[in-house]
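Enquirer: Sharing target.json below, JSON, C-alpha atoms:
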[["chain", "number", "residue", "atom", "x", "y", "z"],
["A", 1, "MET", "CA", 10.41, -21.37, -5.48],
["A", 2, "ILE", "CA", 13.43, -23.61, -5.02],
["A", 3, "ILE", "CA", 13.07, -27.07, -3.44],
["A", 4, "LYS", "CA", 16.16, -29.04, -2.45],
["A", 5, "GLN", "CA", 15.62, -32.61, -1.23],
["A", 6, "ILE", "CA", 18.21, -34.04, 1.18],
["A", 7, "ILE", "CA", 18.01, -37.58, 2.58],
["A", 8, "VAL", "CA", 18.94, -37.43, 6.27],
["A", 9, "GLY", "CA", 19.15, -39.41, 9.48],
["A", 10, "SER", "CA", 19.02, -43.03, 10.51],
["A", 11, "MET", "CA", 15.53, -43.42, 9.04],
["A", 12, "ALA", "CA", 16.29, -41.86, 5.65],
["A", 13, "VAL", "CA", 13.90, -38.93, 6.01],
["A", 14, "CYS", "CA", 13.40, -36.66, 3.02],
["A", 15, "CYS", "CA", 14.27, -33.23, 4.37],
["A", 16, "TYR", "CA", 13.54, -30.22, 2.19],
["A", 17, "ILE", "CA", 15.05, -26.77, 1.96],
["A", 18, "VAL", "CA", 12.43, -24.50, 0.44],
["A", 19, "ALA", "CA", 13.77, -21.14, -0.67],
["A", 20, "CYS", "CA", 12.65, -17.94, -2.34],
["A", 21, "GLU", "CA", 14.73, -17.15, -5.41],
["A", 22, "LYS", "CA", 14.16, -13.42, -5.10],
["A", 23, "THR", "CA", 15.00, -12.86, -1.44],
["A", 24, "GLY", "CA", 17.08, -15.84, -0.31],
["A", 25, "LYS", "CA", 14.66, -16.48, 2.54],
["A", 26, "ALA", "CA", 14.19, -20.17, 3.29],
["A", 27, "ALA", "CA", 12.49, -22.82, 5.39],
["A", 28, "VAL", "CA", 13.77, -26.24, 6.41],
["A", 29, "VAL", "CA", 11.10, -28.94, 6.34],
["A", 30, "ASP", "CA", 11.56, -32.09, 8.45],
["A", 31, "PRO", "CA", 15.23, -31.96, 9.48],
["A", 32, "GLY", "CA", 15.45, -35.56, 10.65],
["A", 33, "GLY", "CA", 19.20, -35.70, 11.33],
["A", 34, "ASP", "CA", 22.46, -34.94, 9.49],
["A", 35, "GLU", "CA", 22.20, -31.35, 10.62],
["A", 36, "LYS", "CA", 25.72, -30.53, 9.39],
["A", 37, "LYS", "CA", 24.72, -31.55, 5.87],
["A", 38, "ILE", "CA", 21.60, -29.38, 6.01],
["A", 39, "LEU", "CA", 23.47, -26.39, 7.43],
["A", 40, "ALA", "CA", 26.24, -26.76, 4.84],
["A", 41, "GLU", "CA", 23.66, -26.52, 2.04],
["A", 42, "ILE", "CA", 22.12, -23.45, 3.67],
["A", 43, "LYS", "CA", 25.53, -21.78, 4.04],
["A", 44, "ASN", "CA", 26.60, -22.70, 0.51],
["A", 45, "LYS", "CA", 23.49, -21.09, -0.95],
["A", 46, "GLY", "CA", 23.53, -18.11, 1.41],
["A", 47, "TYR", "CA", 19.99, -18.68, 2.60],
["A", 48, "ALA", "CA", 18.42, -16.94, 5.60],
["A", 49, "VAL", "CA", 16.23, -19.54, 7.32],
["A", 50, "ASP", "CA", 13.06, -18.12, 8.85],
["A", 51, "TYR", "CA", 11.21, -21.36, 9.62],
["A", 52, "ILE", "CA", 11.71, -25.00, 10.52],
["A", 53, "ILE", "CA", 8.49, -26.73, 9.48],
["A", 54, "ALA", "CA", 7.40, -30.14, 10.75],
["A", 55, "THR", "CA", 4.96, -31.99, 8.51],
["A", 56, "HIS", "CA", 4.23, -33.97, 11.69],
["A", 57, "GLY", "CA", 5.73, -34.51, 15.12],
["A", 58, "HIS", "CA", 7.33, -37.96, 14.86],
["A", 59, "PRO", "CA", 10.90, -37.85, 16.22],
["A", 60, "ASP", "CA", 12.48, -39.05, 12.97],
["A", 61, "HIS", "CA", 11.21, -35.85, 11.33],
["A", 62, "VAL", "CA", 11.93, -33.35, 14.12],
["A", 63, "CYS", "CA", 15.10, -34.66, 15.81],
["A", 64, "GLY", "CA", 17.19, -32.01, 14.06],
["A", 65, "ASN", "CA", 14.95, -29.10, 15.02],
["A", 66, "ARG", "CA", 16.98, -27.97, 18.03],
["A", 67, "ILE", "CA", 20.35, -27.86, 16.28],
["A", 68, "ILE", "CA", 18.96, -26.16, 13.18],
["A", 69, "GLN", "CA", 17.14, -23.62, 15.35],
["A", 70, "GLU", "CA", 20.23, -22.88, 17.42],
["A", 71, "ALA", "CA", 22.25, -22.32, 14.23],
["A", 72, "THR", "CA", 19.72, -20.18, 12.39],
["A", 73, "GLY", "CA", 17.33, -18.66, 14.94],
["A", 74, "ALA", "CA", 14.41, -19.95, 12.86],
["A", 75, "LYS", "CA", 10.91, -20.43, 14.29],
["A", 76, "ILE", "CA", 9.59, -23.98, 14.64],
["A", 77, "VAL", "CA", 6.24, -24.47, 12.89],
["A", 78, "MET", "CA", 3.83, -27.36, 13.51],
["A", 79, "HIS", "CA", 0.12, -27.99, 13.18],
["A", 80, "ARG", "CA", -1.67, -27.14, 16.41],
["A", 81, "LEU", "CA", -2.92, -30.69, 16.97],
["A", 82, "ASP", "CA", 0.53, -32.26, 16.68],
["A", 83, "SER", "CA", 2.03, -29.53, 18.83],
["A", 84, "LEU", "CA", -0.41, -30.57, 21.56],
["A", 85, "PHE", "CA", -0.23, -34.33, 20.93],
["A", 86, "PHE", "CA", 3.55, -34.65, 20.94],
["A", 87, "ASN", "CA", 3.87, -32.72, 24.18],
["A", 88, "LYS", "CA", 1.82, -35.27, 26.12],
["A", 89, "PRO", "CA", 4.05, -37.16, 28.58],
["A", 90, "GLU", "CA", 2.66, -40.55, 27.55],
["A", 91, "VAL", "CA", 3.33, -39.80, 23.87],
["A", 92, "LEU", "CA", 6.85, -38.58, 24.56],
["A", 93, "ASN", "CA", 7.49, -41.70, 26.61],
["A", 94, "TYR", "CA", 6.22, -43.99, 23.84],
["A", 95, "PHE", "CA", 8.39, -42.46, 21.13],
["A", 96, "SER", "CA", 11.47, -42.28, 23.36],
["A", 97, "MET", "CA", 12.03, -45.90, 22.31],
["A", 98, "LEU", "CA", 13.33, -44.58, 18.99],
["A", 99, "GLY", "CA", 16.22, -42.89, 20.79],
["A", 100, "LEU", "CA", 15.69, -39.64, 18.87],
["A", 101, "GLU", "CA", 15.42, -36.15, 20.29],
["A", 102, "PRO", "CA", 11.93, -34.61, 20.37],
["A", 103, "SER", "CA", 11.34, -31.14, 19.00],
["A", 104, "PRO", "CA", 11.76, -28.04, 21.15],
["A", 105, "PRO", "CA", 8.52, -26.13, 21.80],
["A", 106, "THR", "CA", 6.61, -24.93, 18.77],
["A", 107, "ASP", "CA", 6.94, -21.21, 18.03],
["A", 108, "LEU", "CA", 4.13, -21.02, 15.48],
["A", 109, "GLU", "CA", 1.07, -23.28, 15.40],
["A", 110, "VAL", "CA", -0.79, -23.50, 12.11],
["A", 111, "GLU", "CA", -4.15, -24.80, 10.92],
["A", 112, "GLU", "CA", -5.81, -25.88, 7.66],
["A", 113, "GLY", "CA", -5.56, -23.12, 5.05],
["A", 114, "ASP", "CA", -2.86, -21.10, 6.79],
["A", 115, "VAL", "CA", -0.09, -19.74, 4.58],
["A", 116, "ILE", "CA", 3.56, -19.78, 5.64],
["A", 117, "VAL", "CA", 5.29, -16.87, 3.89],
["A", 118, "ILE", "CA", 8.91, -17.38, 2.84],
["A", 119, "GLY", "CA", 10.17, -14.17, 1.28],
["A", 120, "ALA", "CA", 8.20, -13.67, -1.93],
["A", 121, "THR", "CA", 6.92, -17.26, -1.99],
["A", 122, "SER", "CA", 4.74, -19.28, 0.36],
["A", 123, "LEU", "CA", 3.48, -22.71, 1.42],
["A", 124, "LYS", "CA", -0.21, -23.42, 2.06],
["A", 125, "VAL", "CA", -1.07, -25.78, 4.91],
["A", 126, "LEU", "CA", -3.27, -28.76, 4.04],
["A", 127, "HIS", "CA", -4.28, -30.58, 7.23],
["A", 128, "THR", "CA", -4.09, -34.31, 6.45],
["A", 129, "PRO", "CA", -4.65, -36.27, 9.69],
["A", 130, "GLY", "CA", -4.32, -40.03, 9.83],
["A", 131, "HIS", "CA", -0.60, -40.66, 10.21],
["A", 132, "THR", "CA", -0.73, -38.28, 13.17],
["A", 133, "PRO", "CA", -3.55, -36.02, 14.44],
["A", 134, "GLY", "CA", -1.89, -32.88, 13.09],
["A", 135, "GLY", "CA", -0.15, -34.26, 10.04],
["A", 136, "MET", "CA", -0.02, -31.74, 7.22],
["A", 137, "CYS", "CA", 1.12, -31.27, 3.65],
["A", 138, "LEU", "CA", 2.61, -28.09, 2.21],
["A", 139, "TYR", "CA", 1.39, -26.84, -1.16],
["A", 140, "ASN", "CA", 2.60, -24.29, -3.67],
["A", 141, "ALA", "CA", 1.53, -25.35, -7.16],
["A", 142, "PRO", "CA", 2.89, -27.41, -8.74],
["A", 143, "ASP", "CA", 4.79, -28.66, -5.68],
["A", 144, "LEU", "CA", 3.34, -30.67, -2.78],
["A", 145, "ILE", "CA", 5.45, -31.76, 0.21],
["A", 146, "THR", "CA", 3.52, -34.68, 1.66],
["A", 147, "GLY", "CA", 5.50, -35.76, 4.73],
["A", 148, "ASP", "CA", 4.38, -39.23, 5.80],
["A", 149, "THR", "CA", 0.86, -38.75, 4.47],
["A", 150, "LEU", "CA", 1.63, -39.96, 0.94],
["A", 151, "PHE", "CA", 4.65, -41.81, -0.43],
["A", 152, "VAL", "CA", 5.49, -42.89, -3.96],
["A", 153, "GLY", "CA", 3.29, -45.96, -4.33],
["A", 154, "GLY", "CA", 2.37, -45.99, -0.66],
["A", 155, "LEU", "CA", 1.11, -44.06, 2.33],
["A", 156, "GLY", "CA", 2.05, -43.46, 5.95],
["A", 157, "ARG", "CA", 1.80, -45.97, 8.79],
["A", 158, "THR", "CA", -1.22, -45.72, 11.05],
["A", 159, "ASP", "CA", -0.29, -48.19, 13.79],
["A", 160, "PHE", "CA", 1.45, -45.61, 16.00],
["A", 161, "PRO", "CA", -0.44, -43.68, 18.71],
["A", 162, "GLY", "CA", -2.72, -41.08, 17.12],
["A", 163, "GLY", "CA", -2.93, -42.91, 13.79],
["A", 164, "SER", "CA", -6.06, -43.85, 11.84],
["A", 165, "HIS", "CA", -6.01, -45.68, 8.51],
["A", 166, "GLU", "CA", -9.54, -44.56, 7.60],
["A", 167, "GLU", "CA", -8.75, -40.95, 8.45],
["A", 168, "LEU", "CA", -5.54, -41.04, 6.43],
["A", 169, "LEU", "CA", -7.30, -42.39, 3.33],
["A", 170, "GLU", "CA", -10.00, -39.73, 3.71],
["A", 171, "SER", "CA", -7.35, -37.00, 3.99],
["A", 172, "ILE", "CA", -5.59, -38.18, 0.84],
["A", 173, "ARG", "CA", -8.81, -38.53, -1.17],
["A", 174, "THR", "CA", -10.30, -35.18, -0.16],
["A", 175, "LYS", "CA", -7.18, -33.01, 0.08],
["A", 176, "LEU", "CA", -4.53, -34.45, -2.24],
["A", 177, "LEU", "CA", -6.08, -36.47, -5.06],
["A", 178, "ILE", "CA", -8.25, -33.49, -6.01],
["A", 179, "LEU", "CA", -5.14, -31.49, -6.92],
["A", 180, "PRO", "CA", -4.04, -31.23, -10.58],
["A", 181, "ALA", "CA", -2.54, -34.41, -12.02],
["A", 182, "GLU", "CA", 0.75, -32.64, -12.72],
["A", 183, "THR", "CA", 1.22, -31.76, -9.03],
["A", 184, "VAL", "CA", 4.69, -32.91, -7.97],
["A", 185, "VAL", "CA", 4.69, -35.15, -4.90],
["A", 186, "TRP", "CA", 7.69, -34.71, -2.60],
["A", 187, "PRO", "CA", 7.38, -37.50, 0.02],
["A", 188, "GLY", "CA", 8.64, -37.77, 3.60],
["A", 189, "HIS", "CA", 10.61, -40.94, 2.83],
["A", 190, "GLY", "CA", 11.81, -42.28, -0.51],
["A", 191, "TYR", "CA", 10.53, -45.80, 0.05],
["A", 192, "GLY", "CA", 9.07, -46.17, -3.45],
["A", 193, "GLY", "CA", 10.95, -43.31, -5.03],
["A", 194, "SER", "CA", 12.02, -39.77, -4.27],
["A", 195, "GLN", "CA", 9.40, -37.99, -6.39],
["A", 196, "SER", "CA", 6.08, -38.61, -8.13],
["A", 197, "THR", "CA", 2.95, -36.80, -9.28],
["A", 198, "ILE", "CA", -0.65, -36.86, -8.14],
["A", 199, "GLY", "CA", -1.64, -38.25, -11.53],
["A", 200, "GLU", "CA", 0.82, -41.13, -11.21],
["A", 201, "GLU", "CA", -0.34, -41.93, -7.67],
["A", 202, "LYS", "CA", -3.99, -41.98, -8.77],
["A", 203, "ARG", "CA", -3.07, -44.41, -11.56],
["A", 204, "SER", "CA", -0.69, -46.75, -9.78],
["A", 205, "ASN", "CA", -0.80, -46.42, -5.97],
["A", 206, "PRO", "CA", -2.31, -49.73, -4.78],
["A", 207, "PHE", "CA", -3.99, -48.11, -1.78],
["A", 208, "PHE", "CA", -6.43, -46.13, -3.94]]
Would you mind writing the file out in structure tokens?
Expert:
Amino acid sequence: MIIKQIIVGSMAVCCYIVACEKTGKAAVVDPGGDEKKILAEIKNKGYAVDYIIATHGHPDHVCGNRIIQEATGAKIVMHRLDSLFFNKPEVLNYFSMLGLEPSPPTDLEVEEGDVIVIGATSLKVLHTPGHTPGGMCLYNAPDLITGDTLFVGGLGRTDFPGGSHEELLESIRTKLLILPAETVVWPGHGYGGSQSTIGEEKRSNPFF
């Protein structure tokens, strides 16, 4: 499995292109802006994008969904709870203050334990609520895309609608910190760094 990290948008989101080496099939995770940059990488590598995956529904992570979908025909994937939550009028109204485009309707809703198949490789869904109700991480050992659940030396905010600090800590302890120490952490923002490991976070993250 190939993982390409691209920093995009006004909020410096870590977008990922996840691709199958054998088939050239790919998924774009969290296209939070700079769509031309993302599409140029896809074209340069000759990838066929089947999915646009949102680790969660915050606009800074999904504002590029429409343009990427129109260019590739890919299906938009989101956890069922975030698909519901971010379609509520009051939630859309709240996040409109960011001035970023919300995601088009979800094409494929996923749950804990579901597997998103990308050619001959795949990503397993780990439901990690706390930052948002349907926040999720994507796992294919040794790689773990954590969205805004876990950062390098930090974790996601919980003061937005739908957030819960206690729930987020529980998600990280029961779903992420149990993974092998060598698991590579690919975060949703590079606030403390662009990459880490579960072992390093267990040793040095001040929140644990």
Enquirer: Which residues come within 6 Å of Gly9 (chain A), counting all atoms listed in the file, excluding same-chain residues fewer than 3 positions away, as a PyMOL selection string?
Expert: chain A and resi 12+32-34
Enquirer: Since we have the selection now, will you write its residues out, keeping C-alpha atoms, as a CSV table (one decimal), in the coordinates of the input?
Expert:
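Contents of result-v3.csv, freshly written:
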chain,number,residue,atom,x,y,z
A,12,ALA,CA,16.3,-41.9,5.6
A,32,GLY,CA,15.4,-35.6,10.6
A,33,GLY,CA,19.2,-35.7,11.3
A,34,ASP,CA,22.5,-34.9,9.5
Enquirer: Using only C-alpha atoms, pick whichever of A:Val13, A:Ile178, A:Ala27, A:Val8 has the shortest atom-to-atom distance to Val117 (chain A).
Expert: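 Nearest candidate to Val117 (chain A) out of A:Val13, A:Ile178, A:Ala27, A:Val8: A:Ala27.
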Enquirer: Output as a tab-separated table one row per residue of region 24-114 of chain A within 9 Å of region 185-202 of chain A: the closest atom pair and its distance in Å to one decimal place, counting all atoms listed in the file, sorted by chain and residue number ascending.
Expert:
residue	atom	partner	partner_atom	distance
A:Asp30	CA	A:Gly188	CA	8.0
A:Thr55	CA	A:Gly188	CA	8.4
A:His61	CA	A:Gly188	CA	8.4
Enquirer: Please provide the set of residues having any atom within 9 Å of Phe207 (chain A), restricted to only C-alpha atoms, with same-chain residues fewer than 4 positions apart removed, written as a PyMOL selection string.
Expert: chain A and resi 153-155+169
Enquirer: From the set A:Ala40, A:Val91, A:Leu123, A:Ile118, which residue has the shortest atom-to-atom contact distance to Pro161 (chain A), counting only C-alpha atoms?
Expert: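 Of all the options, A:Val91 lies closest to Pro161 (chain A).
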Enquirer: Find the spatial neighbours of Ala48 (chain A), counting only C-alpha atoms, within a cut-off of 8 Å - ignore same-chain residues fewer than 4 positions away - and output them as a list of chain:residue names.
Expert: A:Gly24, A:Lys25, A:Ala26, A:Ile42, A:Thr72
Enquirer: Take the residues that were just selected and, keeping C-alpha atoms, output them as a CSV table (one decimal), in the frame of the given file.
Expert:
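As written to disk, again.csv reads:
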chain,number,residue,atom,x,y,z
A,24,GLY,CA,17.1,-15.8,-0.3
A,25,LYS,CA,14.7,-16.5,2.5
A,26,ALA,CA,14.2,-20.2,3.3
A,42,ILE,CA,22.1,-23.4,3.7
A,72,THR,CA,19.7,-20.2,12.4
Enquirer: Between A:Tyr47, A:Tyr139, A:His165, A:Val152, which one has atoms that come closest to Thr183 (chain A), using only C-alpha atoms?
Expert: A:Tyr139
Enquirer: Using all atoms listed in the file, find the one residue out of A:Asn93, A:Ser164, A:Gln69, A:Thr23 that sits nearest to Thr121 (chain A).
Expert: A:Thr23
Enquirer: A:Asp60, A:Asp159, A:Glu35, A:Glu170: which is nearest Gly99 (chain A), counting only C-alpha atoms?
Expert: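 The answer is A:Asp60, which sits nearest to Gly99 (chain A).
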Enquirer: A:Tyr51, A:Tyr16, A:Phe160, A:Phe85: which is nearest Lys4 (chain A), counting all atoms listed in the file?
Expert: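 For Lys4 (chain A), the nearest of the candidates is A:Tyr16.
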Enquirer: Find the distance between CA of His131 (chain A) and CA of Gly162 (chain A) and write it in Å to one decimal.
Expert: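 Computing the Euclidean distance for CA of His131 (chain A) and CA of Gly162 (chain A) yields 7.2 Å.
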Enquirer: Can you tell me which residues surround Thr174 (chain A) at a distance of at most 12 Å, considering all atoms listed in the file, apart from same-chain residues fewer than 3 positions away, and format the answer as an NGL selection string?
Expert: :A and (126-129 or 167-171 or 177-179)
Enquirer: I'd like the interatomic distance between CA of Cys137 (chain A) and CA of Arg66 (chain A), to a tenth of an Å.
Expert: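 Result for CA of Cys137 (chain A) versus CA of Arg66 (chain A): 21.7 Å, one decimal.
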Enquirer: What is the distance between CA of Met97 (chain A) and CA of Ala54 (chain A), in Å to one decimal?
Expert: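 These two atoms are separated by 20.1 Å.
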Enquirer: Which residues are close to Gln5 (chain A), i.e. within 8 Å by all atoms listed in the file, leaving aside same-chain residues fewer than 5 positions away? Reply as a short mmCIF file (atom, residue, chain, number, x, y, z; two decimals) with C-alpha atoms, keeping the file's coordinate frame.
Expert:
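And here's selection_17.cif as it stands now:
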data_model
loop_
_atom_site.label_atom_id
_atom_site.label_comp_id
_atom_site.auth_asym_id
_atom_site.auth_seq_id
_atom_site.Cartn_x
_atom_site.Cartn_y
_atom_site.Cartn_z
CA CYS A 14 13.40 -36.66 3.02
CA CYS A 15 14.27 -33.23 4.37
CA TYR A 16 13.54 -30.22 2.19
CA ILE A 17 15.05 -26.77 1.96
#
Enquirer: Given 6 Å on each side, where is the centre and what are the edge lengths in Å to one decimal of the axis-aligned box enclosing the listed atoms of region 193-199 of chain A, as lines of an AutoDock Vina configuration file?
Expert:
center_x = 5.2
center_y = -40.1
center_z = -7.9
size_x = 25.7
size_y = 18.5
size_z = 19.3
Enquirer: Once you count all atoms listed in the file, which residues end up no further than 8 Å from (5.2, -30.4, 7.4) in the file's frame, shown as a VMD selection string?
Expert: chain A and resid 29 to 30 53 to 56 78 135 to 138 145 to 147
